[in-house]
Structure formats: structure tokens, C-alpha cells
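These notes are about the structure you will find just below.
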Amino acid sequence: ILYIVATPIGNLKDITLRALEVLADVDLIIAEDTRVTQKLLNVHGIKKSLLSYHQYNAEQRDPQVLTKLEHGHCVALVTDAGTPLISDPGHSLVAQCRQHNIRVIPVPGASAAITAISVNDFNVSRFSFEGYLAPKQAARRQQLARLALNAQATILYETKHRIIEVLEDICDILGAERRIMVARELTKAHEQIVSASATEIVQQFHSQTIPCLGEFVILLQGDSGAAAKRLEINKMRMLFERVCPSMSHRAAVELARTQSSLAKNLLYDLAAEYYHRP
């Protein structure tokens, strides 16, 4: 059996009795960082063989672990913090276990995403999990442009190294007034949870009211329609700029009305930006 075991995201007491029982009983624990897992085992008095298993060696480890499982051994997969396979490796091993009819059993527990959702003030009933955004700004901004129109809330993870630039991109693309929640160091001694507009959150980081230390969960409130309207306005501005040299103000607005649901008066005002220039 391969057990997928959730471990604490910070406070070492946040582990289930079942998880401790499984970790004590299996033949082998495969861990993202054996040093981190060893500390957890030491706290709970568990002595067990550990094998490193992370994104850089998963391809080599999978056959080794599979062989042990096929020979009747029980193995537990853990990550440094939280539930395995959530922005962590393990999918390839689970897939191979299924192909070889080896049981895969989840042992649920802590998850940073769900922990953050549980203390939000958005009244979230639907959400999507995006994990870490692209590290390069151009790709990241494309992702955010796609997420901007989501009606449901969005959960992101981020590191201390990129948190400010990511939040500045969020402010720029989703709008300064988009409400977000930032949770830092959840369940740890310096836990901090702040909910405000995107621009207010950015200001708190620049003033170091929220320090750039630890791991972060970002919760984006779903779009109320404002982002979609901004996108539509920008599309109409591009249209007016293109047709302005060859079409009258009135004709341009009539054309825009066939391609947009924006109010006629608003379309006239947008077109006036191009037709009434000095």
C-alpha cells in the first residue's frame, strides 16, 4: 500500500492520530526533505527509514519505490508541509501504482489552501486552486489576466522572494480595489492574516507592516463583473482608435453597439476620446 499522508503546515501538533499510526507502521517513508520529516518523527517518537523523494529525483525514485511496493512493503509519502501532491511531486508514482494495481490510500490532514479559506471574509462558496504562478512576469501577467474574470475565488501560493511583485501584478491587472486576503506563516508563531484591497495590501508590504518572511497563501475574491467590464471597455477603445480615421463618430458607435453590450452613452463617451481630440 502507498499511503499519501498529510503532515502539519507549521504547528507540529496539527497531525492526526491516524497519520501518526501509519507513519509508525509503514516499512518506509519517502519524504520531500528527510531532515524536515525527521524532526517531525523525533517530536512524536517515531523511528523509521527515510528516503528522499522530490521534484528533481522523482523519475529515478519511482521505480525503486514501486519495486518495494510490489514486494509487499507499505510506503508513506509525505511532503515538507501539508498534503502531498498539492503543488508537490508524487503524481507519477500514484499513476504507476494504479497501473500496477497497488492500493493508494489517502490519510487526510492539514492543507494551507483550506486553512486559508477557513478564515476568509469573502463568504467563499466556490474557488479554484492555482498554486504557484509563473516566476517570469510576462507569463505570470497572462495567467492573472485569465484569472481576472473568474467569478469564483482563487487560491495562490507564493514565496517571500516574489510576493511583492506578484501582488503588484495583481493590483495592476485585477484592479487596485480587488479584495484579497494574504495569509503568512499559517499555524506558526508569527502567523499573520490580512484582508483588504489589493492596493492596501501592497502598501502594507512596502511599509513592512506585513514582512516579506515565510510562506504565503493569497486568496483573490471573485470578479463581481468589474473586470469583465474593464476588458470590454479596453476592446472598444481599440476599436475606436482603429476606425477613427475612416468613420464618423456616430457610425463608429453604431458599429461598436453590434459588438458590445456596453450602454450607448458610455460608447459615445469612449469614442469621444478619439473623435474630440484637440
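Residue names in the C-alpha cells use chain letters A, B, ... in the order shown, residue numbers from 1 in each chain, and ligand numbers from 1 in the order shown.
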
Give me the residues of region 66-125 of chain A that have any atom at most 8 Å from an atom of region 173-197 of chain A; for each, the nearest atom pair and the distance in Å, rounded to one decimal. Use only C-alpha atoms, sort by chain and number, and format it as a tab-separated table.
```
residue	atom	partner	partner_atom	distance
A:Ala112	CA	A:Leu186	CA	7.2
A:Thr115	CA	A:Leu186	CA	7.8
A:Ala116	CA	A:Ala183	CA	6.6
A:Asn120	CA	A:Met181	CA	7.1
A:Asp121	CA	A:Ser195	CA	7.7
```

Extract, using only C-alpha atoms, all DNA, RNA and protein residues at most 12 Å from Ala263 (chain A), discarding same-chain residues fewer than 2 positions from it, and format them as a CSV table (one decimal) with C-alpha atoms, in the first residue's frame.
```csv
chain,number,residue,atom,x,y,z
A,229,LYS,CA,-16.4,45.5,-17.9
A,232,GLU,CA,-14.9,45.3,-22.7
A,233,ILE,CA,-14.1,49.0,-22.4
A,236,MET,CA,-14.0,49.2,-27.6
A,253,VAL,CA,-20.7,54.0,-32.1
A,254,GLU,CA,-23.3,52.1,-34.2
A,256,ALA,CA,-19.5,49.2,-31.5
A,257,ARG,CA,-23.1,48.6,-30.5
A,258,THR,CA,-23.1,45.5,-32.7
A,259,GLN,CA,-20.0,44.1,-30.9
A,260,SER,CA,-20.6,45.2,-27.3
A,261,SER,CA,-23.3,45.1,-24.6
A,265,ASN,CA,-24.0,56.7,-23.8
A,266,LEU,CA,-20.8,55.0,-22.5
A,267,LEU,CA,-19.8,54.1,-26.0
A,268,TYR,CA,-20.3,57.7,-27.2
A,269,ASP,CA,-18.1,58.8,-24.3
A,270,LEU,CA,-15.4,56.3,-25.1
```

Enumerate the residues of region 57-162 of chain A with a DSSP assignment of helix (DSSP H, G or I), computed from the backbone, and present them as an NGL selection string.
-> :A and (58-70 or 91-99 or 112-117 or 137-147)

Using only C-alpha atoms, determine which residues lie at most 12 Å from Thr67 (chain A), disregarding the query and same-chain residues fewer than 3 positions distant; provide the list as a PyMOL selection string.
-> chain A and resi 1-2+61-64+70-75+93+96-97+100+102

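Across the model, the gap from CA of Ile4 (chain A) to CA of Arg98 (chain A) is 13.5 Å.
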
Region 103-250 of chain A: residues DSSP assigns to strand (DSSP E or B), reported as a ChimeraX atom specification = /A:104-107,127-132,153-159,179-184,192-197,215-220

Could you turn the residues from that selection into a file that holds N, CA, C and O atoms, as a short mmCIF file (atom, residue, chain, number, x, y, z; two decimals), in the first residue's frame?
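The new file part06.cif reads:
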```cif
data_model
loop_
_atom_site.label_atom_id
_atom_site.label_comp_id
_atom_site.auth_asym_id
_atom_site.auth_seq_id
_atom_site.Cartn_x
_atom_site.Cartn_y
_atom_site.Cartn_z
N VAL A 104 -3.63 2.82 -3.26
CA VAL A 104 -3.17 4.15 -2.83
C VAL A 104 -4.23 4.68 -1.87
O VAL A 104 -5.39 4.83 -2.24
N ILE A 105 -3.82 4.93 -0.63
CA ILE A 105 -4.78 5.33 0.40
C ILE A 105 -4.43 6.72 0.93
O ILE A 105 -3.30 6.95 1.39
N PRO A 106 -5.37 7.66 0.88
CA PRO A 106 -5.11 9.00 1.43
C PRO A 106 -5.30 9.03 2.94
O PRO A 106 -6.22 8.42 3.48
N VAL A 107 -4.40 9.74 3.61
CA VAL A 107 -4.54 9.98 5.05
C VAL A 107 -4.64 11.49 5.21
O VAL A 107 -3.63 12.19 5.28
N PHE A 127 -14.33 28.00 -5.32
CA PHE A 127 -12.98 28.52 -5.51
C PHE A 127 -12.19 27.62 -6.45
O PHE A 127 -12.54 26.44 -6.65
N SER A 128 -11.15 28.17 -7.03
CA SER A 128 -10.21 27.39 -7.83
C SER A 128 -8.83 27.49 -7.20
O SER A 128 -8.50 28.51 -6.57
N PHE A 129 -8.05 26.43 -7.34
CA PHE A 129 -6.71 26.41 -6.77
C PHE A 129 -5.71 26.50 -7.91
O PHE A 129 -5.68 25.66 -8.80
N GLU A 130 -4.86 27.55 -7.88
CA GLU A 130 -3.87 27.76 -8.93
C GLU A 130 -2.46 27.45 -8.46
O GLU A 130 -1.56 27.31 -9.28
N GLY A 131 -2.23 27.38 -7.16
CA GLY A 131 -0.88 27.12 -6.67
C GLY A 131 0.06 28.28 -6.98
O GLY A 131 -0.31 29.44 -6.86
N TYR A 132 1.27 27.95 -7.39
CA TYR A 132 2.27 28.98 -7.69
C TYR A 132 2.10 29.49 -9.12
O TYR A 132 1.97 28.68 -10.06
N ALA A 153 -13.61 32.57 -6.21
CA ALA A 153 -12.36 32.96 -5.58
C ALA A 153 -11.21 32.11 -6.12
O ALA A 153 -11.43 31.01 -6.64
N THR A 154 -9.99 32.61 -5.99
CA THR A 154 -8.81 31.89 -6.47
C THR A 154 -7.77 31.82 -5.35
O THR A 154 -7.51 32.82 -4.67
N ILE A 155 -7.18 30.63 -5.16
CA ILE A 155 -6.14 30.44 -4.15
C ILE A 155 -4.78 30.33 -4.83
O ILE A 155 -4.61 29.55 -5.77
N LEU A 156 -3.83 31.12 -4.35
CA LEU A 156 -2.47 31.11 -4.87
C LEU A 156 -1.49 30.83 -3.72
O LEU A 156 -1.77 31.17 -2.58
N TYR A 157 -0.36 30.23 -4.06
CA TYR A 157 0.76 30.11 -3.13
C TYR A 157 1.87 31.02 -3.63
O TYR A 157 2.03 31.22 -4.84
N GLU A 158 2.66 31.57 -2.73
CA GLU A 158 3.81 32.37 -3.16
C GLU A 158 4.90 32.37 -2.10
O GLU A 158 4.64 32.17 -0.92
N THR A 159 6.13 32.59 -2.57
CA THR A 159 7.29 32.63 -1.68
C THR A 159 7.62 34.08 -1.32
O THR A 159 7.15 35.02 -1.96
N ARG A 179 -10.55 42.88 -3.76
CA ARG A 179 -10.27 42.47 -2.38
C ARG A 179 -9.48 41.17 -2.38
O ARG A 179 -9.80 40.23 -3.11
N ILE A 180 -8.45 41.12 -1.56
CA ILE A 180 -7.65 39.92 -1.44
C ILE A 180 -7.33 39.67 0.03
O ILE A 180 -7.43 40.58 0.87
N MET A 181 -6.97 38.44 0.33
CA MET A 181 -6.51 38.09 1.67
C MET A 181 -5.14 37.46 1.55
O MET A 181 -4.92 36.61 0.69
N VAL A 182 -4.22 37.88 2.38
CA VAL A 182 -2.87 37.30 2.43
C VAL A 182 -2.69 36.64 3.79
O VAL A 182 -2.89 37.28 4.83
N ALA A 183 -2.33 35.36 3.76
CA ALA A 183 -2.07 34.62 5.00
C ALA A 183 -0.60 34.22 5.01
O ALA A 183 -0.13 33.55 4.10
N ARG A 184 0.10 34.66 6.04
CA ARG A 184 1.54 34.41 6.15
C ARG A 184 1.82 33.48 7.33
O ARG A 184 1.29 33.64 8.41
N GLN A 192 0.13 35.57 10.36
CA GLN A 192 -0.45 36.88 10.10
C GLN A 192 -1.46 36.75 8.97
O GLN A 192 -1.15 36.20 7.91
N ILE A 193 -2.66 37.24 9.17
CA ILE A 193 -3.72 37.15 8.16
C ILE A 193 -4.29 38.55 7.97
O ILE A 193 -4.79 39.17 8.92
N VAL A 194 -4.22 39.06 6.73
CA VAL A 194 -4.67 40.42 6.43
C VAL A 194 -5.61 40.38 5.23
O VAL A 194 -5.29 39.76 4.20
N SER A 195 -6.75 41.03 5.34
CA SER A 195 -7.73 41.10 4.26
C SER A 195 -8.02 42.56 3.96
O SER A 195 -8.39 43.32 4.85
N ALA A 196 -7.81 42.96 2.70
CA ALA A 196 -8.00 44.37 2.31
C ALA A 196 -8.01 44.45 0.79
O ALA A 196 -7.95 43.43 0.10
N SER A 197 -8.07 45.67 0.25
CA SER A 197 -7.98 45.84 -1.19
C SER A 197 -6.55 45.54 -1.64
O SER A 197 -5.60 45.59 -0.84
N GLU A 215 6.18 31.71 4.21
CA GLU A 215 5.40 31.25 3.07
C GLU A 215 4.04 31.94 3.08
O GLU A 215 3.48 32.22 4.14
N PHE A 216 3.50 32.19 1.88
CA PHE A 216 2.27 32.96 1.76
C PHE A 216 1.18 32.21 1.00
O PHE A 216 1.46 31.50 0.02
N VAL A 217 -0.05 32.39 1.46
CA VAL A 217 -1.24 31.98 0.71
C VAL A 217 -1.99 33.26 0.36
O VAL A 217 -2.19 34.12 1.22
N ILE A 218 -2.37 33.40 -0.92
CA ILE A 218 -3.12 34.57 -1.37
C ILE A 218 -4.50 34.11 -1.81
O ILE A 218 -4.63 33.16 -2.60
N LEU A 219 -5.52 34.74 -1.31
CA LEU A 219 -6.89 34.44 -1.71
C LEU A 219 -7.46 35.65 -2.44
O LEU A 219 -7.52 36.75 -1.88
N LEU A 220 -7.82 35.45 -3.71
CA LEU A 220 -8.37 36.53 -4.53
C LEU A 220 -9.89 36.43 -4.54
O LEU A 220 -10.44 35.36 -4.85
#
```

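Between Asn234 (chain A) and the residues A:Gln204, A:Ala271, A:Ile114, A:Asp14, the shortest atom-to-atom distance, using only C-alpha atoms, involves A:Ala271.
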
Selection: 9 Å around Ile15 (chain A), only C-alpha atoms, excl. self and same-chain fewer than 4 positions, as a ChimeraX atom specification = /A:6-8,11,19-20,109-110

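Note that CA of Thr83 (chain A) and CA of Gly222 (chain A) are 24.9 Å apart.
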
In terms of the shortest atom-to-atom distance over only C-alpha atoms, which of A:Arg140, A:His54, A:His249, A:Lys48 is closest to Asp25 (chain A)?
-> A:Lys48

List as a PDB file with C-alpha atoms, in the first residue's frame the protein and nucleic acid residues near Ala151 (chain A), meaning an atom at most 12 Å away when only C-alpha atoms are counted, but skip any in the same chain fewer than 2 places from it.
```
ATOM      1  CA  VAL A 124     -16.402  31.876  -0.468  1.00  0.00           C
ATOM      2  CA  SER A 125     -18.676  29.083  -1.692  1.00  0.00           C
ATOM      3  CA  ARG A 126     -16.712  28.259  -4.858  1.00  0.00           C
ATOM      4  CA  PHE A 127     -12.984  28.522  -5.512  1.00  0.00           C
ATOM      5  CA  SER A 128     -10.213  27.387  -7.831  1.00  0.00           C
ATOM      6  CA  ARG A 146      -7.157  34.878 -17.338  1.00  0.00           C
ATOM      7  CA  LEU A 147      -7.930  34.716 -13.612  1.00  0.00           C
ATOM      8  CA  ALA A 148      -9.208  38.305 -13.514  1.00  0.00           C
ATOM      9  CA  LEU A 149     -12.600  37.314 -14.912  1.00  0.00           C
ATOM     10  CA  ALA A 153     -12.355  32.964  -5.583  1.00  0.00           C
ATOM     11  CA  THR A 154      -8.806  31.889  -6.466  1.00  0.00           C
ATOM     12  CA  LEU A 220      -8.373  36.526  -4.531  1.00  0.00           C
ATOM     13  CA  GLN A 221     -12.025  37.492  -4.323  1.00  0.00           C
ATOM     14  CA  GLY A 222     -14.031  36.516  -7.389  1.00  0.00           C
ATOM     15  CA  ASP A 223     -14.839  39.117 -10.018  1.00  0.00           C
ATOM     16  CA  SER A 224     -18.131  40.923  -9.485  1.00  0.00           C
ATOM     17  CA  GLY A 225     -18.253  41.969 -13.149  1.00  0.00           C
ATOM     18  CA  ALA A 226     -15.933  44.956 -12.905  1.00  0.00           C
ATOM     19  CA  ALA A 227     -13.009  43.161 -14.529  1.00  0.00           C
ATOM     20  CA  ALA A 228     -15.141  41.958 -17.421  1.00  0.00           C
TER      21      ALA A 228
END
```

May I have the residues within 12 Å of Arg141 (chain A) as a PyMOL selection string, using only C-alpha atoms and disregarding those fewer than 2 positions away in the same chain?
-> chain A and resi 133-139+143-148+165-174

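If you measure from each of A:Ala113, A:Val243, A:Leu77, A:Leu69 to Ser52 (chain A) using only C-alpha atoms, the closest one turns out to be A:Leu77.
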